[in-house]
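Enquirer: Structure file start-v4.tsv, TSV, C-alpha atoms, is pasted below:
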chain	number	residue	atom	x	y	z
G	1	MET	CA	17.58	16.79	21.36
G	2	THR	CA	18.46	19.58	18.99
G	3	LEU	CA	18.93	19.27	15.24
G	4	ARG	CA	19.91	22.89	14.83
G	5	GLY	CA	22.24	23.43	11.89
G	6	LYS	CA	21.19	20.22	10.15
G	7	THR	CA	19.28	19.88	6.88
G	8	VAL	CA	16.82	17.01	6.99
G	9	ILE	CA	15.04	15.53	3.96
G	10	VAL	CA	11.76	13.68	4.44
G	11	THR	CA	10.54	11.63	1.48
G	12	GLY	CA	6.85	10.84	1.42
G	13	GLY	CA	6.55	14.01	3.47
G	14	PHE	CA	3.01	14.85	2.34
G	15	GLY	CA	1.66	11.65	3.93
G	16	ALA	CA	0.29	10.99	7.42
G	17	LEU	CA	3.65	9.93	8.90
G	18	GLY	CA	5.91	12.09	6.75
G	19	ASN	CA	4.29	15.40	7.60
G	20	VAL	CA	4.52	14.63	11.34
G	21	VAL	CA	8.21	13.75	10.99
G	22	ALA	CA	8.82	16.97	9.05
G	23	GLU	CA	7.04	19.05	11.72
G	24	GLN	CA	9.02	17.39	14.50
G	25	ALA	CA	12.30	17.97	12.65
G	26	LYS	CA	11.45	21.65	12.32
G	27	ALA	CA	10.54	21.82	16.00
G	28	ARG	CA	14.03	20.53	16.83
G	29	GLY	CA	15.62	23.32	14.80
G	30	ALA	CA	16.41	21.56	11.53
G	31	SER	CA	16.06	23.02	8.07
G	32	VAL	CA	13.48	20.77	6.42
G	33	ALA	CA	12.97	19.63	2.83
G	34	VAL	CA	9.93	17.53	1.96
G	35	ILE	CA	9.77	15.41	-1.20
G	36	ASP	CA	6.64	13.61	-2.36
G	37	HIS	CA	5.08	11.96	-5.39
G	38	ALA	CA	1.88	13.95	-4.90
G	39	GLY	CA	1.75	17.21	-6.79
G	40	ALA	CA	0.56	19.38	-3.90
G	41	ALA	CA	1.15	19.39	-0.15
G	42	PRO	CA	-1.81	18.78	2.17
G	43	GLU	CA	-3.57	21.88	3.39
G	44	GLY	CA	-1.72	23.64	6.17
G	45	LEU	CA	1.60	21.80	5.89
G	46	ALA	CA	3.49	24.71	4.29
G	47	GLU	CA	2.30	27.02	7.06
G	48	LYS	CA	3.32	24.53	9.77
G	49	LEU	CA	6.80	24.10	8.31
G	50	GLY	CA	7.35	27.81	7.71
G	51	ALA	CA	8.84	29.87	4.92
G	52	ASN	CA	12.30	28.35	5.28
G	53	ALA	CA	11.13	24.85	4.39
G	54	LEU	CA	11.41	23.45	0.88
G	55	LEU	CA	8.43	21.45	-0.40
G	56	ILE	CA	8.95	19.52	-3.64
G	57	GLY	CA	5.97	17.68	-5.12
G	58	GLY	CA	5.53	15.58	-8.23
G	59	VAL	CA	8.73	13.56	-7.75
G	60	ASP	CA	8.82	9.89	-8.74
G	61	LEU	CA	11.61	8.49	-6.58
G	62	SER	CA	11.45	5.16	-8.40
G	63	SER	CA	13.36	7.12	-11.07
G	64	LEU	CA	17.01	7.76	-10.20
G	65	ASP	CA	17.09	10.84	-12.44
G	66	GLU	CA	14.16	12.41	-10.59
G	67	ALA	CA	15.72	11.52	-7.24
G	68	LYS	CA	18.98	13.23	-8.25
G	69	LYS	CA	17.16	16.38	-9.38
G	70	ALA	CA	15.33	16.58	-6.06
G	71	MET	CA	18.49	16.11	-3.98
G	72	ASP	CA	20.34	18.68	-6.06
G	73	ALA	CA	17.51	21.16	-5.44
G	74	VAL	CA	17.80	20.64	-1.69
G	75	LYS	CA	21.57	21.08	-1.76
G	76	GLN	CA	21.21	24.24	-3.81
G	77	ARG	CA	18.64	25.66	-1.41
G	78	PHE	CA	20.31	24.87	1.90
G	79	GLY	CA	23.96	24.30	0.97
G	80	ARG	CA	24.11	20.93	2.73
G	81	ILE	CA	22.27	17.66	3.35
G	82	ASP	CA	22.74	15.98	6.72
G	83	ALA	CA	19.94	13.42	6.94
G	84	LEU	CA	17.65	11.52	4.61
G	85	LEU	CA	14.51	9.96	6.07
G	86	ASN	CA	13.06	7.49	3.57
G	87	ILE	CA	9.35	7.37	4.39
G	88	ALA	CA	7.97	7.17	0.83
G	89	GLY	CA	6.27	3.82	0.29
G	90	GLY	CA	3.03	1.92	-0.01
G	91	PHE	CA	1.08	-1.12	1.17
G	92	ALA	CA	-0.91	-3.87	-0.50
G	93	TRP	CA	-2.57	-6.96	1.01
G	94	GLU	CA	-2.69	-9.80	-1.47
G	95	THR	CA	-2.24	-13.56	-1.29
G	96	VAL	CA	0.16	-15.33	-3.60
G	97	GLU	CA	-2.56	-17.69	-4.78
G	98	ASP	CA	-4.99	-14.97	-5.88
G	99	GLY	CA	-2.58	-12.08	-6.45
G	100	LYS	CA	-0.97	-10.49	-9.46
G	101	ALA	CA	2.67	-10.14	-10.46
G	102	GLU	CA	2.07	-6.42	-10.94
G	103	THR	CA	1.49	-6.03	-7.19
G	104	TRP	CA	4.97	-7.36	-6.46
G	105	ASP	CA	6.48	-4.96	-8.98
G	106	ARG	CA	4.54	-2.07	-7.45
G	107	MET	CA	5.64	-2.87	-3.89
G	108	VAL	CA	9.28	-3.12	-4.98
G	109	ALA	CA	9.01	0.21	-6.80
G	110	LEU	CA	7.26	2.02	-3.95
G	111	ASN	CA	9.20	0.62	-1.00
G	112	LEU	CA	12.62	-0.51	-2.21
G	113	LYS	CA	13.42	1.56	-5.29
G	114	THR	CA	12.36	4.86	-3.69
G	115	ALA	CA	14.69	4.27	-0.72
G	116	LEU	CA	17.49	3.01	-2.99
G	117	ASN	CA	17.33	5.91	-5.45
G	118	ALA	CA	16.90	8.62	-2.83
G	119	SER	CA	19.85	7.21	-0.89
G	120	LYS	CA	22.08	6.88	-3.95
G	121	ALA	CA	21.30	10.46	-4.96
G	122	ALA	CA	21.90	11.84	-1.47
G	123	VAL	CA	25.03	9.87	-0.50
G	124	PRO	CA	27.62	12.28	-1.96
G	125	TYR	CA	26.10	15.15	0.01
G	126	LEU	CA	25.75	13.05	3.17
G	127	ILE	CA	29.44	12.13	2.98
G	128	GLU	CA	30.24	15.81	2.49
G	129	SER	CA	28.28	16.57	5.68
G	130	GLY	CA	30.73	14.57	7.77
G	131	ALA	CA	27.94	13.18	9.97
G	132	GLY	CA	25.35	12.01	7.47
G	133	ARG	CA	22.35	9.89	8.35
G	134	ILE	CA	19.98	7.69	6.37
G	135	ILE	CA	16.91	6.43	8.21
G	136	ASN	CA	14.77	3.91	6.37
G	137	VAL	CA	11.30	2.69	7.26
G	138	GLY	CA	11.15	-1.08	7.27
G	139	ALA	CA	8.33	-3.13	8.77
G	140	GLY	CA	7.78	-5.46	11.67
G	141	SER	CA	5.70	-7.62	9.33
G	142	ALA	CA	8.79	-8.17	7.19
G	143	VAL	CA	10.43	-10.06	10.05
G	144	HIS	CA	7.62	-12.63	10.12
G	145	ALA	CA	5.08	-12.22	7.35
G	146	ALA	CA	1.48	-13.34	7.72
G	147	SER	CA	-0.86	-14.44	4.94
G	148	GLY	CA	-1.45	-11.69	2.39
G	149	PHE	CA	1.68	-9.78	3.36
G	150	GLY	CA	3.95	-11.44	0.80
G	151	PRO	CA	4.48	-8.54	-1.66
G	152	TYR	CA	4.71	-5.86	1.03
G	153	ALA	CA	6.87	-7.87	3.43
G	154	ALA	CA	9.25	-8.99	0.69
G	155	SER	CA	9.83	-5.40	-0.43
G	156	LYS	CA	10.34	-4.21	3.14
G	157	SER	CA	12.67	-7.11	3.90
G	158	ALA	CA	14.74	-5.87	0.97
G	159	VAL	CA	14.81	-2.45	2.65
G	160	HIS	CA	16.22	-4.14	5.77
G	161	ARG	CA	19.01	-5.75	3.77
G	162	LEU	CA	19.68	-2.48	1.93
G	163	THR	CA	20.01	-0.76	5.31
G	164	GLU	CA	22.55	-3.26	6.58
G	165	SER	CA	24.56	-3.27	3.37
G	166	MET	CA	24.70	0.52	3.09
G	167	ALA	CA	25.65	0.82	6.75
G	168	ASP	CA	28.67	-1.40	6.14
G	169	GLU	CA	29.51	0.39	2.89
G	170	LEU	CA	29.40	3.87	4.40
G	171	LYS	CA	30.57	3.35	8.00
G	172	LEU	CA	34.08	4.63	7.26
G	173	LYS	CA	32.77	7.57	5.24
G	174	GLY	CA	30.94	9.30	8.08
G	175	VAL	CA	27.41	8.15	7.20
G	176	ALA	CA	25.25	6.07	9.55
G	177	VAL	CA	22.38	4.04	8.08
G	178	ASN	CA	19.59	2.61	10.22
G	179	ALA	CA	15.97	1.55	9.91
G	180	VAL	CA	12.91	1.63	12.13
G	181	LEU	CA	10.50	-1.31	11.97
G	182	PRO	CA	6.99	-0.20	12.95
G	183	SER	CA	4.00	-2.42	13.53
G	184	ILE	CA	0.69	-0.69	12.72
G	185	ILE	CA	0.91	3.10	12.57
G	186	ASP	CA	-2.13	5.06	13.72
G	187	THR	CA	-3.13	6.79	10.49
G	188	PRO	CA	-6.55	7.69	9.04
G	189	ALA	CA	-6.07	5.09	6.30
G	190	ASN	CA	-5.32	2.29	8.79
G	191	ARG	CA	-8.28	3.27	10.96
G	192	LYS	CA	-10.53	3.11	7.91
G	193	ASP	CA	-9.19	-0.31	6.93
G	194	MET	CA	-9.41	-1.73	10.49
G	195	PRO	CA	-12.31	0.11	12.18
G	196	LYS	CA	-12.74	-2.46	14.98
G	197	ALA	CA	-9.09	-2.49	16.06
G	198	ASP	CA	-7.73	-1.08	19.32
G	199	PHE	CA	-6.19	2.14	18.00
G	200	ALA	CA	-4.59	2.86	21.37
G	201	ALA	CA	-2.26	-0.10	20.86
G	202	TRP	CA	-0.92	1.21	17.57
G	203	VAL	CA	2.23	3.28	17.09
G	204	GLN	CA	1.50	7.01	17.04
G	205	PRO	CA	3.18	8.92	14.19
G	206	VAL	CA	4.88	11.23	16.67
G	207	GLU	CA	6.34	8.22	18.51
G	208	LEU	CA	7.87	6.91	15.29
G	209	ALA	CA	9.07	10.42	14.46
G	210	ASN	CA	10.82	10.61	17.84
G	211	ALA	CA	12.68	7.36	17.16
G	212	MET	CA	13.73	8.43	13.66
G	213	LEU	CA	14.91	11.85	14.74
G	214	PHE	CA	16.89	10.39	17.64
G	215	LEU	CA	18.79	8.41	15.02
G	216	VAL	CA	19.46	11.68	13.17
G	217	SER	CA	20.81	13.35	16.29
G	218	ASP	CA	24.43	13.47	17.45
G	219	ALA	CA	23.43	11.27	20.40
G	220	ALA	CA	23.07	8.35	17.98
G	221	SER	CA	26.47	8.78	16.32
G	222	ALA	CA	27.62	5.27	17.30
G	223	ILE	CA	24.53	3.50	15.93
G	224	THR	CA	24.62	2.14	12.38
G	225	GLY	CA	23.20	-0.94	10.69
G	226	ALA	CA	20.45	-1.23	13.30
G	227	LEU	CA	16.93	-2.46	12.58
G	228	ILE	CA	14.94	-1.03	15.46
G	229	PRO	CA	11.43	-2.32	16.25
G	230	VAL	CA	8.93	0.43	17.08
G	231	VAL	CA	5.82	-1.64	17.74
G	232	GLY	CA	3.71	0.22	20.29
G	233	ARG	CA	1.49	-2.33	22.09
G	234	VAL	CA	0.67	-4.46	19.06
I need this file expressed as structure tokens, please.
Expert:
Amino acid sequence: MTLRGKTVIVTGGFGALGNVVAEQAKARGASVAVIDHAGAAPEGLAEKLGANALLIGGVDLSSLDEAKKAMDAVKQRFGRIDALLNIAGGFAWETVEDGKAETWDRMVALNLKTALNASKAAVPYLIESGAGRIINVGAGSAVHAASGFGPYAASKSAVHRLTESMADELKLKGVAVNAVLPSIIDTPANRKDMPKADFAAWVQPVELANAMLFLVSDAASAITGALIPVVGRV
């Protein structure tokens, strides 16, 4: 599955999932741009992605202006944008009874507004591509939310609806919009939070990367508006 000739943007690309997706995109021949809120990339990422990659830190994608500046920088560097992979986001466990309104605002900003603003800023370039792709990261827990998942699941459910709406909006303009819905991703942070869990049952970052990059590929040209569970053995 080659992505040669395509420019792929990974938001949240300095994180545990994002850097794996960026590496896998490069391995498939894509030109890769990584955008993240953190100011500096994790050690070794620039070397893994190579001199051709563009790494942009310090970007607050909850701001539309900052999202536009980042997308313009990618277009200027590579001359095109073919795919946007919206991985930027965050998680909080908090019950409604004991929680704070600020947590809901934070989850909406981190999960919904980042995907919305990055997509809005990239859409003109994705239409120009002729075969543009937006891949969002939703959540299996947003389909049926357990106790304490209210703020996170609500924000991710909004991402699901955004995915469907944008898919319908852009289907005649050459842009496909889909989302993957993971269960628990095997990351250092999740292992720390759940040390007694069966890590082997969780979704490996490379497995989720494979699903996302399939949706970027020409083989997935007929797929749009899909919410695809990627749940491992959870």
Enquirer: Rounded to one decimal, what separation in Å do you get between atom CA of G:Trp93 and atom CA of G:Ala189?
Expert: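 Taking atom CA of G:Trp93 and atom CA of G:Ala189, their separation equals 13.6 Å.
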Enquirer: Find the spatial neighbours of G:Ile185, counting all atoms listed in the file, within a cut-off of 6 Å - ignore same-chain residues fewer than 6 positions away - and output them as a VMD selection string.
Expert: chain G and resid 202 to 204
Enquirer: What does the file look like for those residues with C-alpha atoms, as an mmCIF file, in the coordinates of the input?
Expert:
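Listed below is the output, again-v2.cif:
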data_model
loop_
_atom_site.group_PDB
_atom_site.id
_atom_site.type_symbol
_atom_site.label_atom_id
_atom_site.label_comp_id
_atom_site.auth_asym_id
_atom_site.auth_seq_id
_atom_site.Cartn_x
_atom_site.Cartn_y
_atom_site.Cartn_z
ATOM 1 C CA TRP G 202 -0.920 1.210 17.570
ATOM 2 C CA VAL G 203 2.230 3.280 17.090
ATOM 3 C CA GLN G 204 1.500 7.010 17.040
#
Enquirer: As an exercise, work out the distance from atom CA of G:Val21 to atom CA of G:Gly225 in Å and give it to one decimal place.
Expert: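 One can read the atom CA of G:Val21 to atom CA of G:Gly225 distance as 21.0 Å.
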Enquirer: Select, from G:Leu110, G:Leu85, G:Val230, G:Leu208, the residue with the minimum atom-to-atom distance to G:Val177, counting all atoms listed in the file.
Expert: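 When distances to G:Val177 are compared using all atoms listed in the file, the smallest one comes from G:Leu85.
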Enquirer: Just the residues within 8 Å of G:Gly13, please, counting only C-alpha atoms, with nothing from its chain fewer than 6 positions along; format it as a list in words.
Expert: Asn19, Val21, Ala22, Val34, Ile35, Asp36, Ile87 and Ala88 of chain G
Enquirer: Between G:Asp105, G:Asp186, G:Asp72, G:Glu164, which has the minimum distance to G:Ile56 (counting all atoms listed in the file)?
Expert: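 Distance minimum relative to G:Ile56 lands on G:Asp72.
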Enquirer: Quick one: distance from atom CA of G:Thr11 to atom CA of G:Ile127 in Å, one decimal?
Expert: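 Here the two named atoms are 19.0 Å from each other.
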Enquirer: Take stretch 43-69 of chain G, model N, CA, C and O atoms, and hand the result over as a PDB file, keeping the file's coordinate frame.
Expert:
ATOM      1  N   GLU G  43      -3.249  20.547   2.899  1.00  0.00           N
ATOM      2  CA  GLU G  43      -3.570  21.880   3.390  1.00  0.00           C
ATOM      3  C   GLU G  43      -2.953  22.122   4.769  1.00  0.00           C
ATOM      4  O   GLU G  43      -3.045  21.289   5.661  1.00  0.00           O
ATOM      5  N   GLY G  44      -2.279  23.232   4.897  1.00  0.00           N
ATOM      6  CA  GLY G  44      -1.720  23.640   6.170  1.00  0.00           C
ATOM      7  C   GLY G  44      -0.282  23.222   6.417  1.00  0.00           C
ATOM      8  O   GLY G  44       0.370  23.751   7.319  1.00  0.00           O
ATOM      9  N   LEU G  45       0.244  22.288   5.618  1.00  0.00           N
ATOM     10  CA  LEU G  45       1.600  21.800   5.890  1.00  0.00           C
ATOM     11  C   LEU G  45       2.637  22.897   5.663  1.00  0.00           C
ATOM     12  O   LEU G  45       3.557  23.062   6.469  1.00  0.00           O
ATOM     13  N   ALA G  46       2.514  23.648   4.578  1.00  0.00           N
ATOM     14  CA  ALA G  46       3.490  24.710   4.290  1.00  0.00           C
ATOM     15  C   ALA G  46       3.521  25.718   5.423  1.00  0.00           C
ATOM     16  O   ALA G  46       4.602  26.188   5.820  1.00  0.00           O
ATOM     17  N   GLU G  47       2.359  26.056   5.960  1.00  0.00           N
ATOM     18  CA  GLU G  47       2.300  27.020   7.060  1.00  0.00           C
ATOM     19  C   GLU G  47       2.956  26.455   8.319  1.00  0.00           C
ATOM     20  O   GLU G  47       3.665  27.165   9.043  1.00  0.00           O
ATOM     21  N   LYS G  48       2.735  25.159   8.588  1.00  0.00           N
ATOM     22  CA  LYS G  48       3.320  24.530   9.770  1.00  0.00           C
ATOM     23  C   LYS G  48       4.849  24.474   9.678  1.00  0.00           C
ATOM     24  O   LYS G  48       5.550  24.632  10.679  1.00  0.00           O
ATOM     25  N   LEU G  49       5.351  24.235   8.470  1.00  0.00           N
ATOM     26  CA  LEU G  49       6.800  24.100   8.310  1.00  0.00           C
ATOM     27  C   LEU G  49       7.507  25.435   8.159  1.00  0.00           C
ATOM     28  O   LEU G  49       8.714  25.526   8.369  1.00  0.00           O
ATOM     29  N   GLY G  50       6.772  26.469   7.773  1.00  0.00           N
ATOM     30  CA  GLY G  50       7.350  27.810   7.710  1.00  0.00           C
ATOM     31  C   GLY G  50       8.001  28.117   6.378  1.00  0.00           C
ATOM     32  O   GLY G  50       8.238  27.240   5.541  1.00  0.00           O
ATOM     33  N   ALA G  51       8.330  29.383   6.210  1.00  0.00           N
ATOM     34  CA  ALA G  51       8.840  29.870   4.920  1.00  0.00           C
ATOM     35  C   ALA G  51      10.211  29.305   4.573  1.00  0.00           C
ATOM     36  O   ALA G  51      10.590  29.263   3.399  1.00  0.00           O
ATOM     37  N   ASN G  52      10.963  28.863   5.560  1.00  0.00           N
ATOM     38  CA  ASN G  52      12.300  28.350   5.280  1.00  0.00           C
ATOM     39  C   ASN G  52      12.283  26.946   4.690  1.00  0.00           C
ATOM     40  O   ASN G  52      13.261  26.509   4.088  1.00  0.00           O
ATOM     41  N   ALA G  53      11.189  26.227   4.865  1.00  0.00           N
ATOM     42  CA  ALA G  53      11.130  24.850   4.390  1.00  0.00           C
ATOM     43  C   ALA G  53      11.034  24.792   2.869  1.00  0.00           C
ATOM     44  O   ALA G  53      10.542  25.718   2.227  1.00  0.00           O
ATOM     45  N   LEU G  54      11.499  23.682   2.315  1.00  0.00           N
ATOM     46  CA  LEU G  54      11.410  23.450   0.880  1.00  0.00           C
ATOM     47  C   LEU G  54      10.470  22.267   0.651  1.00  0.00           C
ATOM     48  O   LEU G  54      10.718  21.161   1.143  1.00  0.00           O
ATOM     49  N   LEU G  55       9.394  22.494  -0.092  1.00  0.00           N
ATOM     50  CA  LEU G  55       8.430  21.450  -0.400  1.00  0.00           C
ATOM     51  C   LEU G  55       8.486  21.152  -1.898  1.00  0.00           C
ATOM     52  O   LEU G  55       8.249  22.043  -2.718  1.00  0.00           O
ATOM     53  N   ILE G  56       8.816  19.912  -2.242  1.00  0.00           N
ATOM     54  CA  ILE G  56       8.950  19.520  -3.640  1.00  0.00           C
ATOM     55  C   ILE G  56       7.966  18.398  -3.938  1.00  0.00           C
ATOM     56  O   ILE G  56       8.110  17.283  -3.421  1.00  0.00           O
ATOM     57  N   GLY G  57       6.952  18.683  -4.747  1.00  0.00           N
ATOM     58  CA  GLY G  57       5.970  17.680  -5.120  1.00  0.00           C
ATOM     59  C   GLY G  57       6.199  17.174  -6.524  1.00  0.00           C
ATOM     60  O   GLY G  57       7.034  17.684  -7.279  1.00  0.00           O
ATOM     61  N   GLY G  58       5.457  16.121  -6.884  1.00  0.00           N
ATOM     62  CA  GLY G  58       5.530  15.580  -8.230  1.00  0.00           C
ATOM     63  C   GLY G  58       6.809  14.845  -8.552  1.00  0.00           C
ATOM     64  O   GLY G  58       7.219  14.787  -9.709  1.00  0.00           O
ATOM     65  N   VAL G  59       7.451  14.246  -7.543  1.00  0.00           N
ATOM     66  CA  VAL G  59       8.730  13.560  -7.750  1.00  0.00           C
ATOM     67  C   VAL G  59       8.513  12.046  -7.674  1.00  0.00           C
ATOM     68  O   VAL G  59       8.018  11.528  -6.674  1.00  0.00           O
ATOM     69  N   ASP G  60       8.892  11.348  -8.712  1.00  0.00           N
ATOM     70  CA  ASP G  60       8.820   9.890  -8.740  1.00  0.00           C
ATOM     71  C   ASP G  60      10.187   9.333  -8.344  1.00  0.00           C
ATOM     72  O   ASP G  60      11.097   9.240  -9.166  1.00  0.00           O
ATOM     73  N   LEU G  61      10.320   8.953  -7.081  1.00  0.00           N
ATOM     74  CA  LEU G  61      11.610   8.490  -6.580  1.00  0.00           C
ATOM     75  C   LEU G  61      11.968   7.087  -7.061  1.00  0.00           C
ATOM     76  O   LEU G  61      13.081   6.628  -6.801  1.00  0.00           O
ATOM     77  N   SER G  62      11.055   6.423  -7.772  1.00  0.00           N
ATOM     78  CA  SER G  62      11.450   5.160  -8.400  1.00  0.00           C
ATOM     79  C   SER G  62      12.323   5.415  -9.624  1.00  0.00           C
ATOM     80  O   SER G  62      12.888   4.489 -10.201  1.00  0.00           O
ATOM     81  N   SER G  63      12.450   6.692 -10.004  1.00  0.00           N
ATOM     82  CA  SER G  63      13.360   7.120 -11.070  1.00  0.00           C
ATOM     83  C   SER G  63      14.602   7.748 -10.447  1.00  0.00           C
ATOM     84  O   SER G  63      14.496   8.721  -9.689  1.00  0.00           O
ATOM     85  N   LEU G  64      15.769   7.219 -10.759  1.00  0.00           N
ATOM     86  CA  LEU G  64      17.010   7.760 -10.200  1.00  0.00           C
ATOM     87  C   LEU G  64      17.235   9.194 -10.680  1.00  0.00           C
ATOM     88  O   LEU G  64      17.697  10.039  -9.914  1.00  0.00           O
ATOM     89  N   ASP G  65      16.910   9.488 -11.925  1.00  0.00           N
ATOM     90  CA  ASP G  65      17.090  10.840 -12.440  1.00  0.00           C
ATOM     91  C   ASP G  65      16.257  11.848 -11.654  1.00  0.00           C
ATOM     92  O   ASP G  65      16.747  12.938 -11.313  1.00  0.00           O
ATOM     93  N   GLU G  66      15.005  11.496 -11.346  1.00  0.00           N
ATOM     94  CA  GLU G  66      14.160  12.410 -10.590  1.00  0.00           C
ATOM     95  C   GLU G  66      14.662  12.551  -9.157  1.00  0.00           C
ATOM     96  O   GLU G  66      14.601  13.632  -8.561  1.00  0.00           O
ATOM     97  N   ALA G  67      15.153  11.462  -8.590  1.00  0.00           N
ATOM     98  CA  ALA G  67      15.720  11.520  -7.240  1.00  0.00           C
ATOM     99  C   ALA G  67      16.919  12.459  -7.198  1.00  0.00           C
ATOM    100  O   ALA G  67      17.062  13.279  -6.274  1.00  0.00           O
ATOM    101  N   LYS G  68      17.790  12.367  -8.199  1.00  0.00           N
ATOM    102  CA  LYS G  68      18.980  13.230  -8.250  1.00  0.00           C
ATOM    103  C   LYS G  68      18.586  14.701  -8.373  1.00  0.00           C
ATOM    104  O   LYS G  68      19.172  15.569  -7.714  1.00  0.00           O
ATOM    105  N   LYS G  69      17.602  14.993  -9.220  1.00  0.00           N
ATOM    106  CA  LYS G  69      17.160  16.380  -9.380  1.00  0.00           C
ATOM    107  C   LYS G  69      16.626  16.935  -8.066  1.00  0.00           C
ATOM    108  O   LYS G  69      16.885  18.091  -7.711  1.00  0.00           O
TER     109      LYS G  69
END
